[in-house]
$ cat entry.cif   # mmCIF, C-alpha atoms and all ligand atoms
data_protein
loop_
_atom_site.label_atom_id
_atom_site.label_comp_id
_atom_site.auth_asym_id
_atom_site.auth_seq_id
_atom_site.Cartn_x
_atom_site.Cartn_y
_atom_site.Cartn_z
CA MET K 20 187.58 -45.52 49.26
CA ASP K 21 189.04 -47.60 46.44
CA LEU K 22 192.58 -48.13 45.18
CA THR K 23 192.61 -45.03 42.95
CA PRO K 24 194.71 -42.78 45.26
CA PHE K 25 197.39 -45.48 45.57
CA GLU K 26 197.66 -46.40 41.91
CA PRO K 27 200.25 -43.82 40.79
CA PHE K 28 202.57 -45.07 43.55
CA LEU K 29 201.88 -48.74 42.80
CA ASP K 30 202.63 -48.09 39.11
CA ARG K 31 205.89 -46.43 40.10
CA LEU K 32 206.71 -49.34 42.43
CA GLY K 33 206.02 -51.68 39.53
CA ARG K 34 208.80 -49.96 37.57
CA SER K 35 211.22 -49.92 40.50
CA GLY K 36 212.32 -53.54 40.70
CA LEU K 37 209.54 -54.50 43.13
CA GLY K 38 206.98 -54.99 40.36
CA ALA K 39 206.51 -58.66 41.23
CA TRP K 40 204.62 -57.62 44.39
CA ARG K 41 202.35 -54.94 42.89
CA SER K 42 199.23 -57.09 42.59
CA THR K 43 199.61 -58.74 46.04
CA LEU K 44 200.07 -55.33 47.68
CA ALA K 45 197.05 -53.95 45.80
CA ALA K 46 194.93 -56.89 47.02
CA SER K 47 196.01 -56.33 50.66
CA ILE K 48 195.20 -52.60 50.42
CA ALA K 49 191.77 -53.39 49.00
CA LEU K 50 191.15 -55.74 51.95
CA ARG K 51 192.15 -53.08 54.52
CA LEU K 52 189.92 -50.50 52.83
CA GLY K 53 187.02 -52.91 52.68
CA ALA K 54 185.36 -54.70 55.56
CA ARG K 55 187.70 -53.39 58.26
CA ALA K 56 187.62 -49.71 57.26
CA HIS K 57 187.06 -47.03 59.94
CA GLY K 58 183.54 -45.62 60.51
CA ASP K 59 184.85 -42.04 60.15
CA LEU K 60 186.27 -42.71 56.69
CA PRO K 61 183.36 -41.04 54.79
CA ARG K 62 183.77 -37.85 56.93
CA TRP K 63 187.54 -37.81 56.29
CA GLU K 64 186.99 -38.39 52.56
CA ARG K 65 184.56 -35.44 52.45
CA ALA K 66 187.28 -33.27 54.06
CA LEU K 67 189.75 -34.36 51.36
CA ALA K 68 187.22 -33.45 48.68
CA GLN K 69 186.82 -30.00 50.27
CA LEU K 70 190.53 -29.14 50.12
CA PRO K 71 190.69 -25.99 47.98
CA ASP K 72 192.85 -25.50 44.90
CA LEU K 73 195.85 -23.30 45.74
CA PRO K 74 198.06 -21.01 43.67
CA SER K 75 201.23 -22.65 42.39
CA ALA K 76 204.05 -22.89 44.91
CA ARG K 77 207.38 -24.52 45.57
CA SER K 78 207.58 -27.79 47.51
CA ARG K 79 209.87 -27.89 50.54
CA LEU K 80 211.00 -31.34 51.67
CA ASP K 81 214.41 -30.46 53.02
CA ARG K 82 213.38 -28.42 56.04
CA ALA K 83 211.62 -28.99 59.37
CA CYS K 84 208.25 -27.75 58.17
CA VAL K 85 207.43 -29.91 55.16
CA GLY K 86 205.07 -28.51 52.58
CA LEU K 87 204.57 -25.78 50.01
CA GLN K 88 205.84 -22.25 49.97
CA GLY K 89 204.01 -19.76 47.77
CA ALA K 90 205.10 -16.38 46.51
CA GLY K 91 202.88 -14.56 49.04
CA ALA K 92 200.30 -15.09 51.77
CA LEU K 93 197.10 -16.91 50.85
CA ASP K 94 193.90 -14.92 50.57
CA ALA K 95 192.23 -15.09 54.07
CA ASP K 96 189.13 -17.03 52.89
CA LEU K 97 191.28 -19.56 51.05
CA GLY K 98 193.53 -19.99 54.10
CA ARG K 99 190.47 -20.52 56.31
CA SER K 100 188.90 -23.16 54.06
CA LEU K 101 192.26 -24.96 53.82
CA SER K 102 192.65 -24.95 57.64
CA GLU K 103 189.08 -26.08 58.23
CA ALA K 104 189.32 -29.03 55.85
CA LEU K 105 192.70 -30.11 57.29
CA MET K 106 191.38 -29.78 60.85
CA VAL K 107 188.70 -32.43 60.15
CA LEU K 108 191.66 -34.84 60.06
CA HIS K 109 192.48 -34.06 63.76
CA PRO K 110 194.48 -35.36 65.64
CA TRP K 111 197.66 -34.45 63.71
CA ARG K 112 200.40 -36.28 65.61
CA LYS K 113 203.45 -36.19 63.30
CA GLY K 114 204.79 -33.13 61.53
CA PRO K 115 205.05 -30.14 61.27
CA PHE K 116 203.65 -29.24 57.85
CA CYS K 117 203.41 -25.78 56.31
CA ILE K 118 201.03 -25.38 53.38
CA GLN K 119 201.30 -21.89 51.96
CA GLY K 120 201.18 -20.17 55.35
CA VAL K 121 198.91 -22.71 57.12
CA HIS K 122 201.13 -24.21 59.83
CA ILE K 123 200.02 -27.65 61.04
CA ASP K 124 201.58 -27.57 64.49
CA THR K 125 201.56 -31.28 65.32
CA GLU K 126 201.84 -33.10 68.67
CA TRP K 127 205.36 -34.30 67.76
CA ARG K 128 208.18 -32.19 66.40
CA SER K 129 209.10 -35.14 64.16
CA ASP K 130 211.88 -33.04 62.63
CA LEU K 131 213.86 -33.45 65.87
CA LYS K 132 213.85 -37.25 65.49
CA TRP K 133 214.72 -36.87 61.81
CA ASP K 134 217.72 -34.68 62.67
CA ARG K 135 219.00 -37.35 65.09
CA VAL K 136 218.51 -40.13 62.52
CA ALA K 137 219.59 -38.37 59.33
CA GLN K 138 223.12 -37.58 60.48
CA ALA K 139 223.83 -41.27 61.18
CA ILE K 140 222.38 -43.25 58.27
CA ALA K 141 223.81 -44.26 54.89
CA PRO K 142 223.00 -41.47 52.39
CA LEU K 143 219.52 -42.07 50.99
CA ALA K 144 220.33 -40.86 47.47
CA ASP K 145 218.72 -43.24 44.96
CA ARG K 146 217.75 -45.78 47.63
CA LEU K 147 214.59 -47.85 47.72
CA VAL K 148 213.15 -47.29 51.21
CA LEU K 149 210.51 -48.96 53.38
CA ASP K 150 209.18 -47.07 56.43
CA VAL K 151 207.26 -49.49 58.68
CA GLY K 152 204.69 -47.74 60.92
CA CYS K 153 205.32 -44.46 59.13
CA GLY K 154 202.40 -42.52 60.65
CA ASN K 155 201.22 -39.84 58.20
CA GLY K 156 204.45 -40.01 56.20
CA TYR K 157 206.27 -36.99 57.66
CA HIS K 158 209.62 -38.81 57.72
CA GLY K 159 208.92 -40.21 54.25
CA TRP K 160 208.81 -36.67 52.88
CA ARG K 161 212.15 -35.96 54.57
CA MET K 162 213.56 -39.16 53.02
CA LEU K 163 212.50 -37.92 49.56
CA GLY K 164 214.07 -34.57 50.45
CA ALA K 165 217.30 -36.49 51.16
CA GLY K 166 217.20 -38.01 47.67
CA ALA K 167 215.53 -41.43 48.14
CA ARG K 168 214.37 -42.94 44.83
CA LEU K 169 211.13 -44.33 46.26
CA VAL K 170 209.66 -44.48 49.78
CA MET K 171 207.00 -47.03 50.62
CA GLY K 172 205.41 -46.14 53.95
CA ILE K 173 203.00 -48.56 55.59
CA ASP K 174 200.64 -47.77 58.46
CA PRO K 175 197.36 -49.50 59.33
CA THR K 176 195.84 -46.35 60.92
CA LEU K 177 193.54 -44.98 58.22
CA LEU K 178 193.46 -41.42 59.60
CA PHE K 179 197.22 -41.15 59.04
CA VAL K 180 196.78 -42.44 55.47
CA LEU K 181 194.18 -39.72 54.89
CA GLN K 182 196.57 -37.10 56.31
CA TRP K 183 199.20 -38.22 53.80
CA LEU K 184 196.60 -37.99 51.01
CA ALA K 185 195.75 -34.43 52.13
CA ILE K 186 199.39 -33.34 52.02
CA ASN K 187 199.97 -35.15 48.73
CA ARG K 188 196.95 -33.38 47.23
CA TYR K 189 199.34 -30.40 47.10
CA LEU K 190 202.78 -32.02 46.79
CA GLU K 191 201.56 -34.41 44.04
CA ARG K 192 204.30 -37.04 44.24
CA ASP K 193 204.10 -40.65 43.08
CA ASP K 194 207.39 -41.72 44.69
CA LEU K 195 206.02 -41.74 48.27
CA ALA K 196 202.91 -43.39 49.66
CA VAL K 197 201.45 -44.26 53.03
CA LEU K 198 199.78 -47.57 52.25
CA PRO K 199 197.05 -48.71 54.68
CA LEU K 200 198.90 -51.86 55.71
CA GLY K 201 200.40 -53.37 58.85
CA ILE K 202 203.70 -55.20 58.57
CA GLU K 203 201.74 -58.44 58.85
CA ASP K 204 199.92 -57.55 55.59
CA LEU K 205 203.13 -57.48 53.53
CA PRO K 206 203.71 -60.44 51.18
CA GLY K 207 205.80 -63.08 52.97
CA ASP K 208 208.42 -63.09 50.21
CA LEU K 209 208.74 -59.29 49.80
CA THR K 210 212.39 -58.20 49.90
CA GLY K 211 214.86 -55.87 48.19
CA PHE K 212 214.73 -52.56 50.10
CA ASP K 213 218.05 -50.70 50.47
CA THR K 214 216.97 -49.12 53.78
CA VAL K 215 214.21 -50.19 56.14
CA PHE K 216 213.07 -47.85 58.93
CA SER K 217 211.20 -49.07 62.01
CA MET K 218 210.71 -46.02 64.20
CA GLY K 219 208.39 -46.03 67.21
CA VAL K 220 207.11 -49.52 66.43
CA LEU K 221 209.24 -52.16 68.22
CA TYR K 222 207.87 -51.45 71.72
CA HIS K 223 204.33 -51.93 70.39
CA ARG K 224 205.15 -55.43 69.11
CA ARG K 225 204.35 -58.44 71.29
CA SER K 226 207.10 -60.43 69.54
CA PRO K 227 210.00 -58.00 69.10
CA ILE K 228 212.45 -60.64 67.87
CA ASP K 229 210.00 -61.69 65.15
CA HIS K 230 209.68 -58.01 64.19
CA LEU K 231 213.46 -57.71 63.80
CA MET K 232 213.56 -60.91 61.73
CA GLU K 233 210.79 -59.57 59.45
CA LEU K 234 212.67 -56.28 59.00
CA GLN K 235 215.82 -58.19 58.05
CA ARG K 236 213.96 -60.26 55.46
CA LEU K 237 212.59 -57.07 53.84
CA LEU K 238 216.13 -55.75 53.26
CA ARG K 239 218.35 -56.66 50.33
CA PRO K 240 221.62 -58.34 51.37
CA GLY K 241 223.85 -55.57 52.77
CA GLY K 242 220.86 -53.22 53.24
CA GLU K 243 220.53 -50.98 56.29
CA LEU K 244 218.05 -51.17 59.16
CA VAL K 245 217.28 -47.96 61.06
CA LEU K 246 215.66 -48.90 64.35
CA GLU K 247 214.28 -46.25 66.69
CA THR K 248 212.57 -47.30 69.89
CA LEU K 249 212.04 -46.65 73.61
CA VAL K 250 214.93 -47.84 75.75
CA LEU K 251 215.74 -48.26 79.42
CA GLU K 252 218.73 -46.19 80.49
CA GLY K 253 221.77 -47.89 82.01
CA GLU K 254 224.19 -50.65 81.15
CA GLY K 255 223.76 -54.39 80.85
CA GLU K 256 221.04 -56.49 79.36
CA ARG K 257 217.88 -55.44 81.17
CA LEU K 258 214.28 -55.14 80.14
CA LEU K 259 211.14 -53.36 81.37
CA VAL K 260 207.87 -55.12 80.64
CA PRO K 261 205.31 -52.66 82.02
CA PRO K 262 202.68 -54.61 83.99
CA GLY K 263 200.00 -52.13 82.88
CA ARG K 264 200.22 -48.86 80.98
CA TYR K 265 203.41 -47.02 80.15
CA ALA K 266 203.03 -43.21 79.96
CA ALA K 267 199.29 -43.89 79.55
CA MET K 268 199.90 -46.15 76.52
CA ARG K 269 198.18 -49.53 76.79
CA ASN K 270 200.20 -51.30 74.11
CA VAL K 271 203.83 -51.01 75.26
CA TRP K 272 205.33 -54.48 75.68
CA PHE K 273 209.13 -54.37 75.83
CA ILE K 274 211.54 -51.56 76.76
CA PRO K 275 215.11 -52.99 76.64
CA THR K 276 218.44 -51.34 77.40
CA VAL K 277 220.53 -50.52 74.32
CA ASP K 278 222.83 -53.41 75.33
CA ALA K 279 219.90 -55.82 75.25
CA LEU K 280 218.74 -54.40 71.89
CA ALA K 281 222.20 -54.92 70.42
CA VAL K 282 222.13 -58.56 71.57
CA TRP K 283 218.67 -59.04 70.01
CA LEU K 284 219.92 -57.61 66.69
CA GLY K 285 223.01 -59.84 66.81
CA ARG K 286 220.93 -62.96 67.55
CA CYS K 287 218.80 -62.12 64.50
CA GLY K 288 221.93 -62.12 62.34
CA PHE K 289 222.40 -58.39 61.81
CA THR K 290 225.95 -57.10 61.43
CA GLY K 291 227.56 -53.68 61.94
CA ILE K 292 225.29 -52.95 64.90
CA ARG K 293 225.81 -49.47 66.36
CA VAL K 294 223.95 -47.18 68.74
CA VAL K 295 223.94 -43.72 67.18
CA ASP K 296 221.71 -41.76 69.52
CA VAL K 297 220.08 -41.93 72.95
CA THR K 298 217.80 -38.98 73.82
CA PRO K 299 215.20 -38.43 76.54
CA THR K 300 211.90 -37.20 75.06
CA GLY K 301 211.28 -33.61 76.14
CA GLN K 302 208.12 -31.57 76.17
CA ASP K 303 209.64 -29.49 73.36
CA GLU K 304 209.36 -32.64 71.21
CA GLN K 305 205.93 -33.94 72.29
CA CYS K 306 203.02 -31.90 73.65
CA SER K 307 199.38 -30.99 72.92
CA THR K 308 198.78 -28.29 70.30
CA ALA K 309 195.85 -26.71 68.50
CA TRP K 310 196.16 -29.52 65.92
CA MET K 311 196.33 -32.32 68.59
CA ARG K 312 194.05 -31.32 71.43
CA PHE K 313 194.16 -34.58 73.43
CA GLN K 314 196.50 -35.24 76.36
CA SER K 315 200.20 -35.64 75.62
CA LEU K 316 203.57 -36.20 77.29
CA PRO K 317 203.30 -33.46 79.98
CA ASP K 318 200.05 -35.09 81.21
CA HIS K 319 201.68 -38.53 81.32
CA LEU K 320 204.64 -37.63 83.52
CA ASP K 321 204.57 -37.55 87.33
CA PRO K 322 203.69 -33.89 88.18
CA ILE K 323 206.21 -33.90 91.08
CA ASP K 324 209.03 -35.87 89.43
CA SER K 325 209.24 -35.55 85.64
CA SER K 326 211.90 -38.30 85.48
CA ARG K 327 209.01 -40.77 86.07
CA THR K 328 205.82 -41.53 84.17
CA VAL K 329 202.48 -41.27 85.98
CA GLU K 330 202.74 -45.04 86.55
CA GLY K 331 206.17 -44.66 88.23
CA HIS K 332 208.26 -46.01 85.32
CA PRO K 333 211.36 -44.22 83.99
CA ALA K 334 210.27 -41.35 81.70
CA PRO K 335 210.60 -41.97 77.93
CA VAL K 336 214.11 -42.23 76.48
CA ARG K 337 214.51 -43.18 72.82
CA ALA K 338 217.48 -44.68 70.99
CA VAL K 339 218.47 -45.05 67.35
CA LEU K 340 220.38 -48.18 66.33
CA ILE K 341 221.70 -48.99 62.88
CA ALA K 342 222.52 -52.47 61.60
CA ASN K 343 222.95 -54.29 58.32
CA ARG K 344 221.57 -57.43 56.78
CA PRO K 345 224.64 -59.61 56.05
CA GLU K 346 225.80 -59.59 52.42
CA ALA K 347 225.38 -63.34 52.25
CA SER K 348 223.82 -65.97 54.54
CA PRO K 349 226.50 -67.82 56.55
C1 LIG A 401 204.62 -44.30 67.64
S1 LIG A 401 204.03 -44.27 66.00
C2 LIG A 401 205.53 -43.97 65.10
C3 LIG A 401 205.32 -43.15 63.86
C4 LIG A 401 206.60 -42.77 63.12
N1 LIG A 401 207.31 -43.94 62.62
C5 LIG A 401 207.52 -41.96 63.99
O1 LIG A 401 208.59 -42.46 64.35
O2 LIG A 401 207.18 -40.84 64.33
C6 LIG A 401 203.72 -45.99 65.67
C7 LIG A 401 202.99 -46.22 64.36
O3 LIG A 401 202.93 -47.62 64.10
C8 LIG A 401 201.70 -47.89 63.48
N2 LIG A 401 201.39 -49.32 63.60
C9 LIG A 401 200.60 -49.94 64.52
N3 LIG A 401 200.53 -51.27 64.27
C10 LIG A 401 201.30 -51.50 63.17
C11 LIG A 401 201.61 -52.65 62.40
N4 LIG A 401 201.10 -53.84 62.71
N5 LIG A 401 202.43 -52.53 61.33
C12 LIG A 401 202.94 -51.31 60.99
N6 LIG A 401 202.66 -50.18 61.68
C13 LIG A 401 201.86 -50.26 62.74
C14 LIG A 401 200.73 -46.98 64.20
O4 LIG A 401 199.55 -46.76 63.45
C15 LIG A 401 201.56 -45.73 64.38
O5 LIG A 401 201.37 -44.81 63.33
#
$ encode --input "entry.cif" --output "structure tokens" --more "lines below"
Ligand SMILES: C[S@@+](CC[C@H](N)C(=O)[O-])C[C@H]1O[C@@H](n2cnc3c(N)ncnc32)[C@H](O)[C@@H]1O
Amino acid sequence: MDLTPFEPFLDRLGRSGLGAWRSTLAASIALRLGARAHGDLPRWERALAQLPDLPSARSRLDRACVGLQGAGALDADLGRSLSEALMVLHPWRKGPFCIQGVHIDTEWRSDLKWDRVAQAIAPLADRLVLDVGCGNGYHGWRMLGAGARLVMGIDPTLLFVLQWLAINRYLERDDLAVLPLGIEDLPGDLTGFDTVFSMGVLYHRRSPIDHLMELQRLLRPGGELVLETLVLEGEGERLLVPPGRYAAMRNVWFIPTVDALAVWLGRCGFTGIRVVDVTPTGQDEQCSTAWMRFQSLPDHLDPIDSSRTVEGHPAPVRAVLIANRPEASP
């Protein structure tokens, strides 16, 4: 894969006030797509090439099931070839998506998280947005649906980039991209976003304070951070560092209380710190489906006591915090 699928977005970015970073970002993408690319990439690219042309339809970005709504049902053969090509991109973790009657029933009902976040954030109308660890871009589509001017998603997992390309084959937008980049691949002087989202990423970082500092640097002065992460219930500044896996995940490092998180944000210099949601993750939000056939949350909870993970830790609870980069450095 070369840079071609990302060029319309990079051109748009170039006209958005972030043009100074276009060539550095393009070079980082080329590096990710080169030597370190995934062995399954050719198979995924063949699936993209097999996506059928569809009759014209209306895009829907402002509802739970993101996608395209046509005037009527697709012809059965067309629906089958669409499903089969999309299924090559299994596992579909974030969604749901509805493409002219084909319902991609994903592992996560990501719309539930979006509903918790959307009611609490500064209106996205005309904002320049960065979504760090954006998965396949589901929330990015919702951000466009909420009026964002441009959404730059970054995620180093190539399968999720290919899933975004598959959806964008039909939605055809140049104001959203899932770029195949980790946060560490971003230019060190990149800044200027009105809103930066970091959702489901902090607990995977070995240096969470550094992550918060990087997020702050990416914001324009006064810009808004939307931080969503696993938390430990209860008051006071406490922290769980799982000695092994957490809910079967190998790469969970820090699960703080919301009080501890607020202190971390304050130490990093954020202002206006507020906790806007704390919600236990239910099996209605995360479970295996036909489009994600591996194990999921129900398999990772204690079968006798669902308030505990299989390892005996508190079951997942997630919080949303909002904070601002100060208008000016003290
Ligand atoms: C738990 S998922 C969260 C996805 C989405 N933000 C959401 O809230 O549903 C974490 C995502 O972070 C991505 N990720 C892993 N390492 C990363 C890095 N170094 N920089 C940015 N994203 C990363 C993973 O590929 C994965 O898609």
$ closest_residue --input "entry.cif" --among "K:Gly241, K:Pro24, K:Gly53, K:Pro227" --to "Phe273 of chain K" --atoms "all atoms listed in the file"
K:Pro227
$ residues_near_ligand --input "entry.cif" --ligand "ligand LIG 401 (chain A)" --cutoff "8 Å" --atoms "only C-alpha atoms and all ligand atoms" --output "VMD selection string"
chain K and resid 113 127 129 132 150 to 158 173 to 176 179 200 to 203 216 to 220 223 to 224 247
$ closest_residue --input "entry.cif" --among "K:Ala39, K:Val339, K:Leu70, K:Leu231" --to "Asn187 of chain K" --atoms "only C-alpha atoms"
K:Leu70
$ residues_around --input "entry.cif" --residues "segment 56-68 of chain K" --least-positions-apart "3" --cutoff "8 Å" --atoms "only C-alpha atoms" --output "PyMOL selection string"
chain K and resi 20+51-53+104-105+107-108+177-178+181+184-185
$ residues_around --input "entry.cif" --residues "segment 139-144 of chain K" --least-positions-apart "3" --cutoff "12 Å" --atoms "only C-alpha atoms" --output "ChimeraX atom specification"
/K:132-136,147-149,159,161-170,212-216,241-246,293-296,339-343
$ residues_around --input "entry.cif" --residues "Pro71 of chain K" --least-positions-apart "5" --cutoff "12 Å" --atoms "all atoms listed in the file" --output "MDAnalysis selection string"
chainID K and resid 66 93:94 96:105 118 185 188:189
$ closest_residue --input "entry.cif" --among "K:Leu80, K:Ile123, K:Leu234, K:Leu205" --to "Leu284 of chain K" --atoms "all atoms listed in the file"
K:Leu234
$ closest_residue --input "entry.cif" --among "K:Pro74, K:Pro345, K:Gly91, K:Gly172" --to "Ile292 of chain K" --atoms "only C-alpha atoms"
K:Pro345
$ atom_distance --input "entry.cif" --atom1 "atom CA of Arg264 of chain K" --atom2 "atom CA of Pro322 of chain K"
17.0 Å
$ atom_distance --input "entry.cif" --atom1 "atom CA of Ala279 of chain K" --atom2 "atom CA of Thr210 of chain K"
26.5 Å
$ closest_residue --input "entry.cif" --among "K:Glu126, K:Asp318, K:Thr300, K:Leu249" --to "Pro110 of chain K" --atoms "all atoms listed in the file"
K:Glu126
$ atom_distance --input "entry.cif" --atom1 "atom CA of Leu316 of chain K" --atom2 "atom CA of Thr328 of chain K"
9.0 Å
$ closest_residue --input "entry.cif" --among "K:Gln182, K:Met106, K:Asp194, K:Ala83" --to "Ser35 of chain K" --atoms "all atoms listed in the file"
K:Asp194
